[in-house]
Protein chains: 4
Amino acid sequence: MKFLSDNTAPATPEIMASLAQANTAATGSYGDDDWSKRLDTAFSDWFGAPVRAWAVATGTAANALSLACLSPPWGAVFCSEEAHVLRDECGACELQSAGARLVPVPTEAGRIDAAQLARLVADHPRAVHSVQPAAITLTQATECGTVYSPDQVAALGDIARAQRLHLHMDGARFANAVASLHCHPADITWRAGVDVLSFGATKNGAMGAEAVVFFNADLAAQFELRRKRAAHLFSKMRYLSAQLISCLEGDWFMDNAARANQLAQRIGVAAGSALRWPVQANMAFLRLDAGHQQQLRDLGFEFYPWGTEAESSIRLVVSWNQPESDVETLCKALSAWS
Amino acid sequence: MKFLSDNTAPATPEIMASLAQANTAATGSYGDDDWSKRLDTAFSDWFGAPVRAWAVATGTAANALSLACLSPPWGAVFCSEEAHVLRDECGACELQSAGARLVPVPTEAGRIDAAQLARLVADHPRAVHSVQPAAITLTQATECGTVYSPDQVAALGDIARAQRLHLHMDGARFANAVASLHCHPADITWRAGVDVLSFGATKNGAMGAEAVVFFNADLAAQFELRRKRAAHLFSKMRYLSAQLISCLEGDWFMDNAARANQLAQRIGVAAGSALRWPVQANMAFLRLDAGHQQQLRDLGFEFYPWGTEAESSIRLVVSWNQPESDVETLCKALSAWS
Amino acid sequence: MKFLSDNTAPATPEIMASLAQANTAATGSYGDDDWSKRLDTAFSDWFGAPVRAWAVATGTAANALSLACLSPPWGAVFCSEEAHVLRDECGACELQSAGARLVPVPTEAGRIDAAQLARLVADHPRAVHSVQPAAITLTQATECGTVYSPDQVAALGDIARAQRLHLHMDGARFANAVASLHCHPADITWRAGVDVLSFGATKNGAMGAEAVVFFNADLAAQFELRRKRAAHLFSKMRYLSAQLISCLEGDWFMDNAARANQLAQRIGVAAGSALRWPVQANMAFLRLDAGHQQQLRDLGFEFYPWGTEAESSIRLVVSWNQPESDVETLCKALSAWS
Amino acid sequence: MKFLSDNTAPATPEIMASLAQANTAATGSYGDDDWSKRLDTAFSDWFGAPVRAWAVATGTAANALSLACLSPPWGAVFCSEEAHVLRDECGACELQSAGARLVPVPTEAGRIDAAQLARLVADHPRAVHSVQPAAITLTQATECGTVYSPDQVAALGDIARAQRLHLHMDGARFANAVASLHCHPADITWRAGVDVLSFGATKNGAMGAEAVVFFNADLAAQFELRRKRAAHLFSKMRYLSAQLISCLEGDWFMDNAARANQLAQRIGVAAGSALRWPVQANMAFLRLDAGHQQQLRDLGFEFYPWGTEAESSIRLVVSWNQPESDVETLCKALSAWS
């Protein structure tokens with residue numbers, strides 16, 4: 001019973017069907033195909049606003065290429081202390097931006113503290129001796145399984161606008177956030193001041209496809225050259241784009257996210273006071289001592305410890321195809337302890 | 001009738017089957033899966049020597065990450081004037097290597113002229129004022145549809161060894177080269193002094209998978225970190241690795257290459273004196289004036305002009321699934337003119 | 001009465017004499033001159049150990065080029081929260097290292113907390129997903145006017161050795177530290193595990209000259225190419241090297257540092273409880289409310305506020321040629337308040 | 001008798017006086033001093049147009065920082081095959097620009113062939129697969145001791161404008177070019193379409209000072225941050241700026257250039273048919289077999305071989321303080337052979 005990561009799951013039947021469908025004939029390479037050419041329209045429809053959208057294959061590519069469009073090499077990019085871009089992408093942002101610096105901001109349950117961010121940015125020196133504030137990046141849903149409400153995103157958007165910074169959202173689990181908030185995707189993106197979104201599909205059932213969505217088209221001018229130079233323009237681009245089209249045009253994508261969220265919430269309820277943060281997406285974080293962790297492992301559960309307090313904290317991630325019985329068995333075990 | 005590029009073709013049935021097979025269950029992410037873990041062994045078997053091999057999704061990634069392992073930021077990488085790394089990968093090599101310089105070498109039919117290379121390298125200043133000779137990269141089969149014989153590769157290998165340079169091979173069409181030469185893959189790689197190979201699968205029928213194969217393991221130490229930082233480590237790595245395993249473990253991969261080569265040779269024969277370079281892989285380059293180019297287009301053929309003498313020269317690429325009838329129709333048209 | 005920075009002072013008479021002496025005849029360029037060729041010997045003598053030493057013109061160049069020799073592009077460089085490399089060198093380290101990340105460590109009075117550093121390094125993930133611990137840099141004397149004792153440096157050296165990191169020292173005010181500690185320069189460098197030192201001369205009276213001193217010669221292999229590529233190899237290198245030789249071969253350099261330290265200590269005594277950190281070099285940091293700051297300005301004193309608590313804290317720096325009367329007048333004013 | 005390089009000469013008395021004058025009192029650091037603040041005005045007056053000007057210490061810094069302001073990381077910078085930026089600055093341009101590619105253009109006597117440049121630029125692909133044409137750089141006077149006439153510069157300026165490229169001039173020997181052409185500095189810079197100039201002073205008698213002069217102020221926005229990040233902002237900036245002010249405000253600077261040109265011309269005349277290119281600045285290039293080279297060395301002359309035909313070609317550079325007798329003795333020897 002694997003709760004290691006939503007990356008361990010296979011691709012959904014709908015994704016496999018989309019690949020088969022894209023595989024029937026010769027077509028233009030490097031994005032000159034029907035699927036790739038539909039991305040702008042498909043994402044514009046989905047977000048209810050005119051956007052530019054491009055496919056890439058990894059979330060790290062989406063994040064690093066986005067941020068490189070938002071920050072000069074001497075820029076400062078403010079991020080959560082828990083941010084994937086900071087902790088789990090090696091130096092990808094530094095590489096693509098030619099040196100931009102990630103500046104960690106104090107974080108509560110994975111969410112950037114807006115008040116502290118405002119102070120940090122305001123206090124940041126602007127003289128030539130310092131890296132220059134350039135962008136803010138937030139993760140939605142966060143690395144801690146929480147979400148920012150539309151108002152919370154908008155608060156960061158206000159700081160960005162006031163300080164003339166760009167606002168990026170790492171949406172590796174964007175569908176989970178939308179499902180959790182029961183909001184329109186627009187409410188937590190362009191309406192709240194987000195300039196660029198890394199739209200995640202892989203964790204929610206794609207084989208390997210993410211999109212970079214520019215709500216602010218002025219910032220997109222360099223994207224295609226940056227993607228090519230980074231070796232993320234595929235010759236057979238159709239196979240990435242077809243996955244994304246499938247996510248946007250069927251119901252399965254949001255349904256999967258909602259289902260995973262609900263299963264995770266059941267784990268949260270069962271965990272009781274062991275729960276570290278409210279379950280608002282498809283992950284639950286539990287305080288659990290080594291003995292209980294071992295007991296779970298003995299019962300056949302697989303999961304990762306979390307953070308540097310690893311011995312007493314774990315992360316449980318629900319995948320799109322997680323058997324309900326896995327969750328039931330887990331809840332039973334947890335309930336017995338809470 | 002498309003002769004634009006072998007990138008326009010779909011994936012082979014065997015590749016689609018390999019993806020389906022890899023899609024049945026949860027497995028470890030980021031390369032912790034059965035397919036990825038078999039790559040070293042599978043490639044070692046195929047090459048008859050112990051190698052380290054890693055999957056990436058694009059040929060540009062394979063080339064740029066390879067060269068970054070072979071050259072410091074202030075290194076010079078000698079390449080053919082026609083090289084894909086020079087002309088068609090934007091600044092990918094410069095990005096991944098943090099500034100290495102590509103130095104074009106006079107080229108005959110796509111092949112680096114070994115004598116001129118030897119002289120260029122010998123004359124290259126080594127003082128601190130210059131970029132420092134670091135590596136040679138050759139393309140096999142070349143961008144002009146020719147191949148290097150084992151001896152010709154070994155001649156470059158000798159220069160590399162004599163001048164303490166590393167030798168890289170861009171094998172985007174490596175299978176076509178092996179099929180053309182009727183040699184063992186070892187004969188044109190490690191036996192001839194090649195340190196690192198970009199092993200191409202996509203052009204020969206994969207959906208999107210290439211391998212970086214290190215024959216010289218000492219040079220591989222940084223590869224995994226470089227790949228991660230470049231955002232080319234996929235969370236669901238199995239889907240890349242499964243494609244590569246399929247290429248190595250079935251006959252289809254070499255059969256497809258041989259078939260495409262043969263069809264291209266028929267075009268070469270039909271072209272007669274219009275043929276620019278001998279057809280040794282799956283491409284034919286023809287001198288053809290604008291009027292005849294238009295006639296071909298009117299007959300329904302699609303192809304690209306070639307080089308800056310575009311008005312009088314064209315490239316014809318045969319894909320793995322090219323209908324034989326396309327080639328027959330083409331040959332008939334060409335024969336009428338030659 | 002300027003207490004703004006030791007950078008505001010002119011060059012010493014000895015420095016001007018050294019420049020005049022170096023200016024008499026034609027000589028080799030790019031370091032092929034008598035002064036530059038003596039640097040290794042002069043620094044080896046001064047430190048009592050065989051070293052390699054090169055001149056550069058700015059402290060930022062010394063630091064960034066040093067760290068680039070100690071960290072790969074995906075490396076983590078641990079530094080104090082107050083470090084000049086972090087706060088005052090724009091993205092110089094990131095540029096020269098092609099992306100290494102500076103990781104701030106909790107700091108007490110400018111000194112890295114060794115216990116916290118040890119924990120941070122030990123907890124730092126080593127998997128491919130993270131930047132990789134590569135080096136530690138400390139500033140001696142610190143940006144807060146304190147110094148590390150030989151034991152304190154050695155404690156960081158022990159962490160470095162245990163964790164296989166390199167240890168760099170930013171010695172922009174190295175002479176002040178040596179004078180303050182009444183130690184041999186070796187005691188706080190190679191004997192304590194320091195691999196590379198940025199040896200500062202400019203703040204202590206040079207016109208513009210710093211040295212990069214490698215105690216670990218293995219790490220120096222790339223330095224000359226890195227310096228050239230960074231445009232920090234001067235055609236008339238003799239004028240930098242002559243300054244450094246003057247610093248090492250006369251008494252004036254250490255005498256100036258000692259004198260500035262002593263004057264700063266008098267300010268510290270006069271400040272009484274307003275003193276923020278012990279005065280161990282040529283700087284004093286005072287808690288001072290806006291009213292008293294204005295009173296000092298009205299009396300003709302120039303100085304900078306310090307940190308983000310700017311309204312209540314100031315930095316006073318004593319230059320090598322600071323008139324004693326400036327300090328006396330200042331002490332009188334401060335004493336009246338303490 | 002040294003004809004090795006104008007870099008071997010000491011600084012002029014006027015430069016030494018300017019340094020002494022700048023050394024009398026404390027002043028603001030990092031360019032907040034009277035000399036640095038006068039640079040814009042002094043250069044604007046000299047060029048007869050409003051410019052922005054900043055001091056750096058090396059020509060390589062001037063060139064690399066300039067080009068980094070003119071080209072994105074994926075840009076192509078067209079340059080002469082003989083260009084210092086290509087051959088003698090290691091990878092400085094690549095470093096500062098984060099990867100821009102130098103594209104050598106066929107060259108006649110050091111001058112870019114305008115017709116060939118126009119063709120190269122026009123033929124350069126603009127699709128995402130290629131580096132993107134961004135800038136042209138020419139050297140004035142050239143590395144071969146020739147100069148571009150105002151019309152020849154303007155021809156390159158026309159190409160730049162027509163192709164929307166920026167135009168940079170490496171003026172390491174700019175004074176020699178102006179003296180040779182008896183023109184106004186404006187005639188070969190902003191009037192001819194030059195956007196940015198690396199203004200050289202060091203080779204013509206400064207200790208170490210060059211200026212980056214922006215005729216197109218829009219391009220200057222990033223310069224100060226780039227200079228700081230590159231570690232080329234000096235804390236005691238006044239000593240660089242004072243040198244430049246001395247060059248612009250006295251007659252000595254242009255007088256020295258004119259004198260060196262005239263002495264070089266005498267060498268050219270004496271060389272007769274051995275002269276490789278017309279002497280239009282302070283350098284003469286001679287075809288000379290090994291035997292005659294040795295004879296010159298035996299007579300006490302020092303010089304460098306030139307190019308890869310080193311055994312039969314030499315470069316003779318006249319410095320600002322070259323004794324006339326050196327030149328007379330040399331001419332006598334050369335005349336005997338011609």
# chains A, B, ... in the order shown; residues from 1 in each chain; ligands from 1

$ residues_around --residues "stretch 54-63 of chain A" --least-positions-apart "4" --cutoff "7 Å" --atoms "only C-alpha atoms" --output "VMD selection string"
(chain A and resid 39 67 89 170 172 198 200 208 to 213 232 240 to 241) or (chain B and resid 231 234)

$ interface_residues --of "chain B" --to "chain A" --cutoff "7 Å" --atoms "only C-alpha atoms" --output "short mmCIF file (atom, residue, chain, number, x, y, z; two decimals) with all heavy atoms, in the first residue's frame"
data_model
loop_
_atom_site.label_atom_id
_atom_site.label_comp_id
_atom_site.auth_asym_id
_atom_site.auth_seq_id
_atom_site.Cartn_x
_atom_site.Cartn_y
_atom_site.Cartn_z
N ASN B 7 11.27 12.94 -37.56
CA ASN B 7 10.55 13.36 -36.35
C ASN B 7 9.05 13.46 -36.56
O ASN B 7 8.31 13.63 -35.59
CB ASN B 7 11.03 14.74 -35.90
CG ASN B 7 12.38 14.66 -35.22
OD1 ASN B 7 12.68 13.68 -34.56
ND2 ASN B 7 13.18 15.70 -35.39
N THR B 8 8.63 13.41 -37.81
CA THR B 8 7.19 13.57 -38.05
C THR B 8 6.43 12.26 -37.88
O THR B 8 5.21 12.26 -37.80
CB THR B 8 6.94 14.09 -39.49
OG1 THR B 8 7.46 13.14 -40.41
CG2 THR B 8 7.62 15.43 -39.71
N ALA B 9 7.17 11.15 -37.85
CA ALA B 9 6.52 9.85 -37.76
C ALA B 9 5.98 9.60 -36.36
O ALA B 9 6.48 10.13 -35.38
CB ALA B 9 7.52 8.75 -38.13
N PRO B 10 4.95 8.79 -36.26
CA PRO B 10 4.47 8.40 -34.93
C PRO B 10 5.43 7.40 -34.28
O PRO B 10 6.46 7.05 -34.85
CB PRO B 10 3.12 7.76 -35.22
CG PRO B 10 3.22 7.25 -36.62
CD PRO B 10 4.17 8.18 -37.35
N ALA B 11 5.07 6.96 -33.09
CA ALA B 11 5.86 5.93 -32.42
C ALA B 11 5.48 4.56 -32.96
O ALA B 11 4.36 4.35 -33.45
CB ALA B 11 5.59 5.99 -30.91
N ASN B 23 2.82 0.60 -17.68
CA ASN B 23 1.75 1.40 -17.09
C ASN B 23 0.84 0.62 -16.16
O ASN B 23 -0.21 1.09 -15.77
CB ASN B 23 0.91 2.04 -18.22
CG ASN B 23 0.13 3.24 -17.73
OD1 ASN B 23 0.71 4.12 -17.09
ND2 ASN B 23 -1.17 3.26 -17.99
N THR B 24 1.25 -0.57 -15.80
CA THR B 24 0.28 -1.41 -15.11
C THR B 24 0.21 -1.20 -13.60
O THR B 24 -0.80 -1.51 -12.99
CB THR B 24 0.59 -2.89 -15.37
OG1 THR B 24 1.98 -3.09 -15.10
CG2 THR B 24 0.30 -3.26 -16.81
N ALA B 25 1.24 -0.68 -13.00
CA ALA B 25 1.22 -0.64 -11.53
C ALA B 25 2.01 0.55 -11.02
O ALA B 25 2.73 1.21 -11.77
CB ALA B 25 1.81 -1.93 -10.96
N ALA B 26 1.89 0.79 -9.73
CA ALA B 26 2.72 1.81 -9.09
C ALA B 26 4.16 1.33 -9.05
O ALA B 26 4.43 0.14 -8.95
CB ALA B 26 2.21 2.08 -7.68
N THR B 27 5.07 2.28 -9.15
CA THR B 27 6.48 1.92 -9.05
C THR B 27 7.24 3.13 -8.53
O THR B 27 6.68 4.22 -8.42
CB THR B 27 7.05 1.46 -10.41
OG1 THR B 27 8.37 0.98 -10.20
CG2 THR B 27 7.10 2.62 -11.39
N GLY B 28 8.49 2.94 -8.20
CA GLY B 28 9.29 4.05 -7.68
C GLY B 28 9.43 5.16 -8.70
O GLY B 28 9.40 4.92 -9.91
N SER B 29 9.61 6.37 -8.21
CA SER B 29 9.71 7.51 -9.12
C SER B 29 11.16 7.92 -9.30
O SER B 29 12.06 7.38 -8.66
CB SER B 29 8.87 8.67 -8.59
OG SER B 29 9.11 8.91 -7.24
N THR B 58 15.15 14.20 -24.91
CA THR B 58 15.43 14.86 -26.20
C THR B 58 16.90 14.71 -26.56
O THR B 58 17.77 14.59 -25.69
CB THR B 58 15.10 16.37 -26.15
OG1 THR B 58 16.02 17.04 -25.28
CG2 THR B 58 13.68 16.63 -25.67
N THR B 60 18.71 16.98 -27.88
CA THR B 60 19.43 18.17 -27.44
C THR B 60 19.86 18.03 -25.99
O THR B 60 20.97 18.42 -25.62
CB THR B 60 18.54 19.41 -27.65
OG1 THR B 60 18.27 19.54 -29.05
CG2 THR B 60 19.22 20.67 -27.16
N ALA B 61 19.00 17.47 -25.16
CA ALA B 61 19.38 17.24 -23.77
C ALA B 61 20.55 16.27 -23.70
O ALA B 61 21.52 16.48 -22.95
CB ALA B 61 18.19 16.69 -22.98
N GLU B 89 20.42 23.63 -31.97
CA GLU B 89 20.09 23.42 -30.56
C GLU B 89 20.16 24.74 -29.80
O GLU B 89 20.48 24.77 -28.61
CB GLU B 89 21.03 22.35 -29.97
CG GLU B 89 20.91 21.04 -30.77
CD GLU B 89 21.66 19.86 -30.19
OE1 GLU B 89 22.34 20.01 -29.16
OE2 GLU B 89 21.55 18.76 -30.79
N CYS B 90 19.87 25.82 -30.50
CA CYS B 90 19.90 27.15 -29.88
C CYS B 90 21.21 27.23 -29.10
O CYS B 90 22.26 26.91 -29.66
CB CYS B 90 18.65 27.35 -29.03
SG CYS B 90 18.30 29.09 -28.68
N GLY B 91 21.23 27.62 -27.88
CA GLY B 91 22.48 27.67 -27.14
C GLY B 91 22.52 26.60 -26.06
O GLY B 91 23.04 26.84 -24.98
N ALA B 92 22.00 25.41 -26.35
CA ALA B 92 21.87 24.39 -25.32
C ALA B 92 23.22 23.98 -24.73
O ALA B 92 23.37 23.82 -23.51
CB ALA B 92 21.15 23.17 -25.87
N MET B 207 8.78 7.34 -28.91
CA MET B 207 7.90 8.48 -28.71
C MET B 207 8.70 9.70 -28.28
O MET B 207 8.40 10.83 -28.67
CB MET B 207 6.86 8.14 -27.63
CG MET B 207 5.89 9.26 -27.34
SD MET B 207 4.69 8.80 -26.08
CE MET B 207 3.56 7.77 -27.04
N GLY B 208 9.71 9.46 -27.46
CA GLY B 208 10.56 10.53 -26.96
C GLY B 208 11.50 9.93 -25.93
O GLY B 208 11.18 9.90 -24.75
N LYS B 228 19.39 16.32 -13.34
CA LYS B 228 18.36 16.82 -12.44
C LYS B 228 18.26 18.35 -12.52
O LYS B 228 17.17 18.91 -12.66
CB LYS B 228 18.69 16.40 -11.01
CG LYS B 228 17.82 17.04 -9.94
CD LYS B 228 16.38 16.59 -10.03
CE LYS B 228 15.47 17.44 -9.17
NZ LYS B 228 14.08 17.02 -9.23
N ARG B 229 19.40 19.00 -12.43
CA ARG B 229 19.42 20.46 -12.45
C ARG B 229 18.86 21.02 -13.76
O ARG B 229 18.27 22.09 -13.79
CB ARG B 229 20.86 20.95 -12.25
CG ARG B 229 20.96 22.43 -12.02
CD ARG B 229 22.38 22.84 -11.72
NE ARG B 229 23.23 22.68 -12.86
CZ ARG B 229 23.96 23.66 -13.42
NH1 ARG B 229 23.94 24.86 -12.89
NH2 ARG B 229 24.72 23.42 -14.46
N ALA B 230 19.04 20.25 -14.83
CA ALA B 230 18.54 20.68 -16.13
C ALA B 230 17.06 20.36 -16.30
O ALA B 230 16.49 20.60 -17.35
CB ALA B 230 19.34 20.02 -17.24
N ALA B 231 16.45 19.78 -15.26
CA ALA B 231 15.02 19.44 -15.28
C ALA B 231 14.74 18.29 -16.24
O ALA B 231 13.63 18.18 -16.76
CB ALA B 231 14.17 20.66 -15.61
N PHE B 234 12.89 12.83 -14.97
CA PHE B 234 11.43 12.77 -14.95
C PHE B 234 10.96 12.05 -13.69
O PHE B 234 11.61 11.12 -13.21
CB PHE B 234 10.91 11.99 -16.17
CG PHE B 234 10.96 12.78 -17.45
CD1 PHE B 234 12.07 13.54 -17.78
CD2 PHE B 234 9.89 12.77 -18.33
CE1 PHE B 234 12.12 14.27 -18.96
CE2 PHE B 234 9.92 13.49 -19.51
CZ PHE B 234 11.04 14.23 -19.83
N SER B 235 9.81 12.47 -13.17
CA SER B 235 9.29 11.78 -12.00
C SER B 235 8.85 10.36 -12.40
O SER B 235 9.05 9.42 -11.65
CB SER B 235 8.14 12.56 -11.37
OG SER B 235 7.12 12.78 -12.32
N LYS B 236 8.27 10.24 -13.58
CA LYS B 236 7.84 8.92 -14.04
C LYS B 236 8.83 8.43 -15.10
O LYS B 236 8.48 8.23 -16.27
CB LYS B 236 6.41 8.99 -14.57
CG LYS B 236 5.41 9.44 -13.48
CD LYS B 236 3.97 9.39 -13.95
CE LYS B 236 3.02 9.78 -12.81
NZ LYS B 236 1.60 9.85 -13.27
#

$ residues_around --residues "stretch 272-277 of chain B" --least-positions-apart "2" --cutoff "12 Å" --atoms "only C-alpha atoms" --output "VMD selection string"
chain B and resid 108 to 111 142 to 147 264 to 270 279 to 281 283 to 289 292 306 312 to 316 331 333 to 338

$ closest_residue --among "B:Ala114, B:Gln294, B:Ser66, B:Met169" --to "B:Ala83" --atoms "only C-alpha atoms"
B:Met169

$ atom_distance --atom1 "atom CA of C:Ala242" --atom2 "atom CA of C:Trp320"
19.2 Å
